[in-house]
file protein.pdb (PDB, C-alpha atoms, pLDDT in the B column)
ATOM      1  CA  GLU A  24       7.999 -16.581  -3.824  1.00 95.00           C
ATOM      2  CA  VAL A  25       5.382 -13.996  -4.656  1.00 97.00           C
ATOM      3  CA  GLN A  26       6.553 -11.390  -7.150  1.00 97.00           C
ATOM      4  CA  LEU A  27       4.724  -8.408  -8.583  1.00 98.00           C
ATOM      5  CA  LEU A  28       6.465  -6.482 -11.349  1.00 98.00           C
ATOM      6  CA  GLU A  29       4.966  -3.264 -12.652  1.00 98.00           C
ATOM      7  CA  SER A  30       5.733  -1.735 -16.041  1.00 98.00           C
ATOM      8  CA  GLY A  31       4.384   0.836 -18.443  1.00 98.00           C
ATOM      9  CA  GLY A  32       5.117   4.050 -16.596  1.00 97.00           C
ATOM     10  CA  GLY A  33       6.605   7.074 -18.279  1.00 97.00           C
ATOM     11  CA  LEU A  34       6.150  10.689 -19.256  1.00 98.00           C
ATOM     12  CA  VAL A  35       2.822  11.645 -20.787  1.00 98.00           C
ATOM     13  CA  GLN A  36       1.209  14.964 -21.621  1.00 98.00           C
ATOM     14  CA  PRO A  37      -1.889  16.191 -19.818  1.00 98.00           C
ATOM     15  CA  GLY A  38      -4.953  14.650 -21.423  1.00 98.00           C
ATOM     16  CA  GLY A  39      -2.955  11.669 -22.620  1.00 98.00           C
ATOM     17  CA  SER A  40      -3.245   7.966 -21.881  1.00 98.00           C
ATOM     18  CA  LEU A  41      -1.049   5.259 -20.474  1.00 98.00           C
ATOM     19  CA  ARG A  42      -1.512   1.578 -19.657  1.00 98.00           C
ATOM     20  CA  LEU A  43       0.245   0.048 -16.687  1.00 98.00           C
ATOM     21  CA  SER A  44       0.850  -3.670 -16.325  1.00 98.00           C
ATOM     22  CA  CYS A  45       1.670  -5.809 -13.308  1.00 98.00           C
ATOM     23  CA  ALA A  46       3.077  -9.268 -13.963  1.00 98.00           C
ATOM     24  CA  ALA A  47       2.378 -11.635 -11.082  1.00 98.00           C
ATOM     25  CA  SER A  48       4.042 -14.898 -10.120  1.00 97.00           C
ATOM     26  CA  GLY A  49       4.421 -17.218  -7.158  1.00 97.00           C
ATOM     27  CA  PHE A  50       0.734 -17.565  -6.284  1.00 96.00           C
ATOM     28  CA  THR A  51      -2.570 -18.569  -7.877  1.00 95.00           C
ATOM     29  CA  PHE A  52      -3.297 -15.242  -9.543  1.00 95.00           C
ATOM     30  CA  SER A  53      -6.855 -16.024 -10.592  1.00 94.00           C
ATOM     31  CA  THR A  54      -8.048 -16.530  -7.011  1.00 94.00           C
ATOM     32  CA  ASP A  55      -6.705 -13.325  -5.521  1.00 94.00           C
ATOM     33  CA  ALA A  56      -8.107  -9.826  -5.690  1.00 96.00           C
ATOM     34  CA  MET A  57      -5.618  -7.173  -6.752  1.00 97.00           C
ATOM     35  CA  SER A  58      -5.271  -3.439  -6.441  1.00 98.00           C
ATOM     36  CA  TRP A  59      -3.416  -0.361  -7.634  1.00 98.00           C
ATOM     37  CA  VAL A  60      -2.110   2.148  -5.112  1.00 98.00           C
ATOM     38  CA  ARG A  61      -0.194   5.332  -5.874  1.00 98.00           C
ATOM     39  CA  GLN A  62       2.092   7.776  -4.123  1.00 97.00           C
ATOM     40  CA  ALA A  63       2.492  11.294  -5.429  1.00 97.00           C
ATOM     41  CA  PRO A  64       5.811  13.068  -4.798  1.00 95.00           C
ATOM     42  CA  GLY A  65       6.071  14.048  -1.152  1.00 93.00           C
ATOM     43  CA  LYS A  66       2.633  12.656  -0.338  1.00 95.00           C
ATOM     44  CA  GLY A  67       1.221   9.603   1.369  1.00 95.00           C
ATOM     45  CA  LEU A  68      -0.168   6.540  -0.321  1.00 97.00           C
ATOM     46  CA  GLU A  69      -3.561   6.645  -2.029  1.00 98.00           C
ATOM     47  CA  TRP A  70      -5.636   3.637  -2.984  1.00 98.00           C
ATOM     48  CA  VAL A  71      -6.627   3.908  -6.667  1.00 98.00           C
ATOM     49  CA  SER A  72      -8.523   0.825  -7.818  1.00 98.00           C
ATOM     50  CA  ALA A  73      -9.240  -2.811  -7.038  1.00 97.00           C
ATOM     51  CA  ILE A  74     -10.526  -5.870  -8.872  1.00 97.00           C
ATOM     52  CA  SER A  75     -11.832  -9.235  -7.769  1.00 95.00           C
ATOM     53  CA  GLY A  76     -10.105 -12.495  -8.688  1.00 94.00           C
ATOM     54  CA  THR A  77     -12.468 -13.210 -11.553  1.00 94.00           C
ATOM     55  CA  GLY A  78     -12.436  -9.621 -12.746  1.00 94.00           C
ATOM     56  CA  GLY A  79     -16.171  -9.418 -12.327  1.00 94.00           C
ATOM     57  CA  SER A  80     -16.089  -6.686  -9.685  1.00 95.00           C
ATOM     58  CA  THR A  81     -14.118  -3.475  -9.894  1.00 97.00           C
ATOM     59  CA  TYR A  82     -13.745  -0.511  -7.563  1.00 97.00           C
ATOM     60  CA  TYR A  83     -12.329   2.987  -8.000  1.00 98.00           C
ATOM     61  CA  ALA A  84     -11.330   5.977  -5.948  1.00 97.00           C
ATOM     62  CA  ASP A  85     -13.450   9.036  -6.678  1.00 97.00           C
ATOM     63  CA  SER A  86     -10.323  10.824  -7.948  1.00 97.00           C
ATOM     64  CA  VAL A  87      -9.954   8.421 -10.899  1.00 98.00           C
ATOM     65  CA  LYS A  88     -13.499   7.194 -11.504  1.00 98.00           C
ATOM     66  CA  GLY A  89     -14.482   7.561 -15.149  1.00 97.00           C
ATOM     67  CA  ARG A  90     -10.861   8.031 -16.275  1.00 98.00           C
ATOM     68  CA  PHE A  91      -9.083   4.849 -15.142  1.00 98.00           C
ATOM     69  CA  THR A  92     -10.039   1.248 -15.873  1.00 98.00           C
ATOM     70  CA  ILE A  93      -8.663  -1.741 -14.005  1.00 98.00           C
ATOM     71  CA  SER A  94      -8.641  -5.157 -15.641  1.00 98.00           C
ATOM     72  CA  ARG A  95      -6.845  -8.480 -15.485  1.00 98.00           C
ATOM     73  CA  ASP A  96      -5.924 -11.353 -17.755  1.00 98.00           C
ATOM     74  CA  ASN A  97      -5.818 -14.461 -15.602  1.00 97.00           C
ATOM     75  CA  SER A  98      -4.404 -16.516 -18.460  1.00 97.00           C
ATOM     76  CA  LYS A  99      -1.364 -14.226 -18.452  1.00 98.00           C
ATOM     77  CA  ASN A 100      -1.206 -13.604 -14.685  1.00 98.00           C
ATOM     78  CA  THR A 101      -1.265  -9.891 -15.414  1.00 98.00           C
ATOM     79  CA  LEU A 102      -3.072  -6.919 -13.910  1.00 98.00           C
ATOM     80  CA  TYR A 103      -3.654  -3.723 -15.883  1.00 98.00           C
ATOM     81  CA  LEU A 104      -4.551  -0.110 -15.283  1.00 98.00           C
ATOM     82  CA  GLN A 105      -5.697   1.896 -18.290  1.00 98.00           C
ATOM     83  CA  MET A 106      -5.313   5.571 -17.484  1.00 98.00           C
ATOM     84  CA  ASN A 107      -7.044   8.130 -19.713  1.00 98.00           C
ATOM     85  CA  SER A 108      -7.466  11.906 -19.521  1.00 98.00           C
ATOM     86  CA  LEU A 109      -4.383  12.127 -17.365  1.00 98.00           C
ATOM     87  CA  ARG A 110      -3.826  15.179 -15.194  1.00 98.00           C
ATOM     88  CA  ALA A 111      -0.770  16.632 -13.511  1.00 98.00           C
ATOM     89  CA  GLU A 112      -2.138  15.433 -10.169  1.00 97.00           C
ATOM     90  CA  ASP A 113      -1.958  11.831 -11.419  1.00 98.00           C
ATOM     91  CA  THR A 114       1.834  12.089 -11.307  1.00 98.00           C
ATOM     92  CA  ALA A 115       2.919   9.381  -8.886  1.00 98.00           C
ATOM     93  CA  ILE A 116       4.595   6.051  -8.397  1.00 98.00           C
ATOM     94  CA  TYR A 117       1.975   3.389  -9.077  1.00 98.00           C
ATOM     95  CA  TYR A 118       2.146   0.133  -7.154  1.00 98.00           C
ATOM     96  CA  CYS A 119       0.214  -3.058  -7.653  1.00 98.00           C
ATOM     97  CA  ALA A 120      -0.687  -4.948  -4.518  1.00 98.00           C
ATOM     98  CA  LYS A 121      -2.282  -8.283  -3.714  1.00 97.00           C
ATOM     99  CA  PHE A 122      -5.130  -8.657  -1.238  1.00 96.00           C
ATOM    100  CA  ARG A 123      -4.537 -10.979   1.693  1.00 94.00           C
ATOM    101  CA  ALA A 124      -7.958 -12.562   1.776  1.00 85.00           C
ATOM    102  CA  PRO A 125     -10.967 -13.310  -0.443  1.00 79.00           C
ATOM    103  CA  GLN A 126     -13.599 -10.670  -1.127  1.00 83.00           C
ATOM    104  CA  LEU A 127     -10.976  -7.915  -1.029  1.00 88.00           C
ATOM    105  CA  ARG A 128     -10.532  -8.240   2.708  1.00 87.00           C
ATOM    106  CA  GLY A 129      -7.562  -7.994   5.044  1.00 91.00           C
ATOM    107  CA  GLY A 130      -5.611  -5.319   3.239  1.00 94.00           C
ATOM    108  CA  PHE A 131      -2.548  -6.148   1.180  1.00 97.00           C
ATOM    109  CA  ASP A 132       0.145  -8.722   1.797  1.00 96.00           C
ATOM    110  CA  TYR A 133       2.418  -8.258  -1.212  1.00 98.00           C
ATOM    111  CA  TRP A 134       3.445  -5.194  -3.189  1.00 98.00           C
ATOM    112  CA  GLY A 135       5.417  -4.466  -6.323  1.00 98.00           C
ATOM    113  CA  GLN A 136       8.294  -2.017  -6.564  1.00 97.00           C
ATOM    114  CA  GLY A 137       6.256   0.505  -8.496  1.00 97.00           C
ATOM    115  CA  THR A 138       6.368   2.322 -11.817  1.00 98.00           C
ATOM    116  CA  LEU A 139       6.633   6.088 -12.162  1.00 98.00           C
ATOM    117  CA  VAL A 140       4.028   8.028 -14.105  1.00 98.00           C
ATOM    118  CA  THR A 141       4.773  11.670 -14.856  1.00 98.00           C
ATOM    119  CA  VAL A 142       2.085  13.860 -16.391  1.00 98.00           C
ATOM    120  CA  SER A 143       3.635  17.016 -17.739  1.00 97.00           C
ATOM    121  CA  SER A 144       3.799  19.114 -20.879  1.00 95.00           C
TER     122      SER A 144
ATOM    123  CA  GLU B   2     -13.897   7.808   4.555  1.00 95.00           C
ATOM    124  CA  THR B   3     -11.565   6.997   7.440  1.00 97.00           C
ATOM    125  CA  THR B   4      -8.663   9.398   7.814  1.00 98.00           C
ATOM    126  CA  LEU B   5      -5.471   8.016   9.334  1.00 98.00           C
ATOM    127  CA  THR B   6      -3.235  10.528  11.089  1.00 98.00           C
ATOM    128  CA  GLN B   7       0.262   9.098  11.376  1.00 98.00           C
ATOM    129  CA  SER B   8       3.035  10.645  13.457  1.00 96.00           C
ATOM    130  CA  PRO B   9       5.772  11.583  13.501  1.00 97.00           C
ATOM    131  CA  ALA B  10       6.519  12.235   9.838  1.00 97.00           C
ATOM    132  CA  PHE B  11      10.224  11.819  10.489  1.00 98.00           C
ATOM    133  CA  MET B  12      12.319  10.477  13.290  1.00 97.00           C
ATOM    134  CA  SER B  13      15.967   9.842  13.906  1.00 97.00           C
ATOM    135  CA  ALA B  14      17.006   6.991  16.192  1.00 97.00           C
ATOM    136  CA  THR B  15      20.194   5.475  17.522  1.00 97.00           C
ATOM    137  CA  PRO B  16      20.792   1.698  17.278  1.00 97.00           C
ATOM    138  CA  GLY B  17      19.279   0.066  20.343  1.00 97.00           C
ATOM    139  CA  ASP B  18      16.559   2.691  20.796  1.00 97.00           C
ATOM    140  CA  LYS B  19      12.875   1.906  21.207  1.00 98.00           C
ATOM    141  CA  VAL B  20      10.799   3.646  18.546  1.00 98.00           C
ATOM    142  CA  ASN B  21       7.050   4.264  18.553  1.00 98.00           C
ATOM    143  CA  ILE B  22       5.017   5.329  15.526  1.00 98.00           C
ATOM    144  CA  SER B  23       1.421   6.363  16.001  1.00 98.00           C
ATOM    145  CA  CYS B  24      -1.548   5.996  13.687  1.00 98.00           C
ATOM    146  CA  LYS B  25      -4.896   7.491  14.749  1.00 98.00           C
ATOM    147  CA  ALA B  26      -8.096   6.706  12.892  1.00 98.00           C
ATOM    148  CA  SER B  27     -10.921   9.218  12.503  1.00 98.00           C
ATOM    149  CA  GLN B  28     -13.455   6.501  13.384  1.00 98.00           C
ATOM    150  CA  ASP B  29     -13.525   3.094  15.058  1.00 98.00           C
ATOM    151  CA  ILE B  30     -11.856   0.500  12.819  1.00 98.00           C
ATOM    152  CA  ASP B  31     -11.708  -2.362  15.355  1.00 97.00           C
ATOM    153  CA  ASP B  32      -8.335  -4.047  14.764  1.00 97.00           C
ATOM    154  CA  ASP B  33      -8.387  -3.681  10.988  1.00 97.00           C
ATOM    155  CA  MET B  34      -4.989  -2.052  10.851  1.00 98.00           C
ATOM    156  CA  ASN B  35      -1.869  -3.207   9.017  1.00 98.00           C
ATOM    157  CA  TRP B  36       1.658  -1.835   9.118  1.00 98.00           C
ATOM    158  CA  TYR B  37       4.237  -1.891   6.349  1.00 98.00           C
ATOM    159  CA  GLN B  38       7.918  -1.129   5.871  1.00 98.00           C
ATOM    160  CA  GLN B  39       9.297   0.242   2.627  1.00 97.00           C
ATOM    161  CA  LYS B  40      12.862   0.954   1.600  1.00 96.00           C
ATOM    162  CA  PRO B  41      13.701   3.154  -1.421  1.00 92.00           C
ATOM    163  CA  GLY B  42      13.257   1.325  -4.699  1.00 91.00           C
ATOM    164  CA  GLU B  43      11.968  -1.807  -3.017  1.00 95.00           C
ATOM    165  CA  ALA B  44       8.569  -3.389  -2.580  1.00 97.00           C
ATOM    166  CA  ALA B  45       6.788  -2.665   0.680  1.00 98.00           C
ATOM    167  CA  ILE B  46       6.968  -5.437   3.265  1.00 98.00           C
ATOM    168  CA  PHE B  47       3.952  -6.446   5.357  1.00 98.00           C
ATOM    169  CA  ILE B  48       5.012  -6.463   9.009  1.00 98.00           C
ATOM    170  CA  ILE B  49       1.934  -6.272  11.280  1.00 98.00           C
ATOM    171  CA  GLN B  50      -1.594  -7.557  10.590  1.00 97.00           C
ATOM    172  CA  GLU B  51      -4.793  -6.955  12.559  1.00 97.00           C
ATOM    173  CA  ALA B  52      -3.055  -4.299  14.657  1.00 98.00           C
ATOM    174  CA  THR B  53      -1.071  -6.659  16.887  1.00 98.00           C
ATOM    175  CA  THR B  54      -0.090  -9.815  14.981  1.00 98.00           C
ATOM    176  CA  LEU B  55       3.445 -10.105  13.685  1.00 98.00           C
ATOM    177  CA  VAL B  56       3.573 -11.339  10.100  1.00 98.00           C
ATOM    178  CA  PRO B  57       5.553 -14.604   9.887  1.00 97.00           C
ATOM    179  CA  GLY B  58       9.215 -14.024   9.128  1.00 96.00           C
ATOM    180  CA  ILE B  59       9.302 -10.514  10.583  1.00 98.00           C
ATOM    181  CA  PRO B  60      11.805 -10.032  13.436  1.00 97.00           C
ATOM    182  CA  PRO B  61      10.182 -10.000  16.900  1.00 97.00           C
ATOM    183  CA  ARG B  62      11.633  -6.565  17.680  1.00 98.00           C
ATOM    184  CA  PHE B  63       8.630  -5.273  15.706  1.00 98.00           C
ATOM    185  CA  SER B  64       5.289  -5.187  17.509  1.00 98.00           C
ATOM    186  CA  GLY B  65       1.920  -3.526  17.172  1.00 98.00           C
ATOM    187  CA  SER B  66      -0.687  -2.419  19.676  1.00 98.00           C
ATOM    188  CA  GLY B  67      -4.017  -0.673  19.751  1.00 98.00           C
ATOM    189  CA  TYR B  68      -7.681  -1.114  18.937  1.00 98.00           C
ATOM    190  CA  GLY B  69     -10.484   1.118  17.754  1.00 97.00           C
ATOM    191  CA  THR B  70      -8.899   4.434  16.856  1.00 98.00           C
ATOM    192  CA  ASP B  71      -5.403   4.496  18.337  1.00 98.00           C
ATOM    193  CA  PHE B  72      -2.594   2.267  17.086  1.00 98.00           C
ATOM    194  CA  ILE B  73       1.146   2.092  17.630  1.00 98.00           C
ATOM    195  CA  LEU B  74       3.977   0.372  15.806  1.00 98.00           C
ATOM    196  CA  THR B  75       6.909  -0.272  18.124  1.00 98.00           C
ATOM    197  CA  ILE B  76      10.437  -1.200  17.114  1.00 98.00           C
ATOM    198  CA  ASN B  77      12.501  -2.408  20.068  1.00 97.00           C
ATOM    199  CA  ASN B  78      16.294  -2.314  19.933  1.00 97.00           C
ATOM    200  CA  ILE B  79      16.205  -0.693  16.541  1.00 98.00           C
ATOM    201  CA  GLU B  80      18.891  -1.762  14.083  1.00 97.00           C
ATOM    202  CA  SER B  81      20.516   0.057  11.164  1.00 97.00           C
ATOM    203  CA  GLU B  82      18.626  -2.157   8.698  1.00 97.00           C
ATOM    204  CA  ASP B  83      15.346  -0.767  10.080  1.00 98.00           C
ATOM    205  CA  ALA B  84      15.972   2.582   8.377  1.00 98.00           C
ATOM    206  CA  ALA B  85      12.923   2.845   6.139  1.00 98.00           C
ATOM    207  CA  TYR B  86       9.552   4.434   5.478  1.00 98.00           C
ATOM    208  CA  TYR B  87       6.726   2.960   7.595  1.00 98.00           C
ATOM    209  CA  PHE B  88       3.032   3.359   6.886  1.00 98.00           C
ATOM    210  CA  CYS B  89      -0.281   2.168   8.244  1.00 98.00           C
ATOM    211  CA  LEU B  90      -3.329   0.980   6.321  1.00 98.00           C
ATOM    212  CA  GLN B  91      -6.917   0.592   7.500  1.00 98.00           C
ATOM    213  CA  HIS B  92      -8.925  -2.184   5.840  1.00 97.00           C
ATOM    214  CA  ASP B  93     -12.071  -1.842   7.931  1.00 96.00           C
ATOM    215  CA  ASN B  94     -14.080   0.166   5.452  1.00 94.00           C
ATOM    216  CA  PHE B  95     -14.088   1.326   1.867  1.00 92.00           C
ATOM    217  CA  PRO B  96     -12.135   3.127   0.578  1.00 95.00           C
ATOM    218  CA  TRP B  97      -8.985   1.701   2.084  1.00 96.00           C
ATOM    219  CA  THR B  98      -6.858   4.539   3.418  1.00 98.00           C
ATOM    220  CA  PHE B  99      -3.281   5.030   4.504  1.00 98.00           C
ATOM    221  CA  GLY B 100      -1.372   7.074   7.017  1.00 98.00           C
ATOM    222  CA  GLN B 101       0.964   9.740   5.661  1.00 97.00           C
ATOM    223  CA  GLY B 102       3.999   7.652   6.556  1.00 97.00           C
ATOM    224  CA  THR B 103       7.003   7.949   8.837  1.00 98.00           C
ATOM    225  CA  LYS B 104      10.575   8.085   7.640  1.00 97.00           C
ATOM    226  CA  VAL B 105      12.885   6.487  10.207  1.00 98.00           C
ATOM    227  CA  GLU B 106      16.551   7.404  10.031  1.00 97.00           C
ATOM    228  CA  ILE B 107      19.224   5.575  11.989  1.00 96.00           C
ATOM    229  CA  LYS B 108      22.084   7.744  13.227  1.00 94.00           C
TER     230      LYS B 108
END

call {"tool": "encode", "arguments": {"input": "protein.pdb", "output": "structure tokens"}}
result
Amino acid sequence: EVQLLESGGGLVQPGGSLRLSCAASGFTFSTDAMSWVRQAPGKGLEWVSAISGTGGSTYYADSVKGRFTISRDNSKNTLYLQMNSLRAEDTAIYYCAKFRAPQLRGGFDYWGQGTLVTVSS
Amino acid sequence: ETTLTQSPAFMSATPGDKVNISCKASQDIDDDMNWYQQKPGEAAIFIIQEATTLVPGIPPRFSGSGYGTDFILTINNIESEDAAYYFCLQHDNFPWTFGQGTKVEIK
């Protein structure tokens, strides 16, 4: 059974940093591309970042480019999102999601339950 | 960027009803549309792939239709357990984008 378990959310001040983790199990983590998606309060979902299975290719939404860094440790079956220079508009539930197919194709087939990030003074 | 316009934002249904949720794309995305169901505090569940294909294990009362720019998720004979938030995702082009979601309430 595929499981994705996010952690690391919390309250942080504007300009601060936070690192999210997503522990994966139930599939061959190193072969599957992964992604972070977020949902701000009362808003729809927004794709944030994606990474290939090897970690060699990364992709970012314009809204987080230069501030967020996605990475993965395939030896630990864990996905990360380093978030720097956080803004109030980054407040959201952050989900990790697994791509259905190689080369980041097909959309997502599995999601985690999410971790809440609140940026506020 | 492809904008997905999903409607309605909220709907209330009675058990046994047929429910339709629409997702309109701002450009042609072929059949590169997925649908998901999410209940509060739970992980989203993948229910429809490539616009019309039911994901294995999903009850057959769920179905999807459409191609190009107009897509519909249909729930036939809706049940109380179908109360959830439903959203669409286009995976035709980068960046991947989502509809605004539909909250379905069962009376």

call {"tool": "resolve_selection", "arguments": {"input": "protein.pdb", "expression": "the PyMOL selection byres ((chain A and resi 60-75) around 6)", "output": "number ranges by chain"}}
result
A: 56-59, 76-78, 80-84, 114-118; B: 99, 101

call {"tool": "resolve_selection", "arguments": {"input": "protein.pdb", "expression": "the PyMOL selection byres ((chain B) within 8 of (chain A))", "output": "MDAnalysis selection string"}}
result
chainID B and resid 33 35 42:47 90:92 96:102

call {"tool": "closest_residue", "arguments": {"input": "protein.pdb", "among": "B:Gln38, B:Thr4, B:Asn78, B:Thr53", "to": "B:Val20", "atoms": "only C-alpha atoms"}}
result
B:Asn78

call {"tool": "resolve_selection", "arguments": {"input": "protein.pdb", "expression": "the PyMOL selection byres ((chain B and resi 15) around 9)", "output": "PyMOL selection string"}}
result
chain B and resi 13-14+16-19+79-81+106-108

call {"tool": "atom_distance", "arguments": {"input": "protein.pdb", "atom1": "atom CA of A:Val35", "atom2": "atom CA of A:Leu102"}}
result
20.7 Å

call {"tool": "atom_distance", "arguments": {"input": "protein.pdb", "atom1": "atom CA of A:Gly39", "atom2": "atom CA of A:Met106"}}
result
8.3 Å
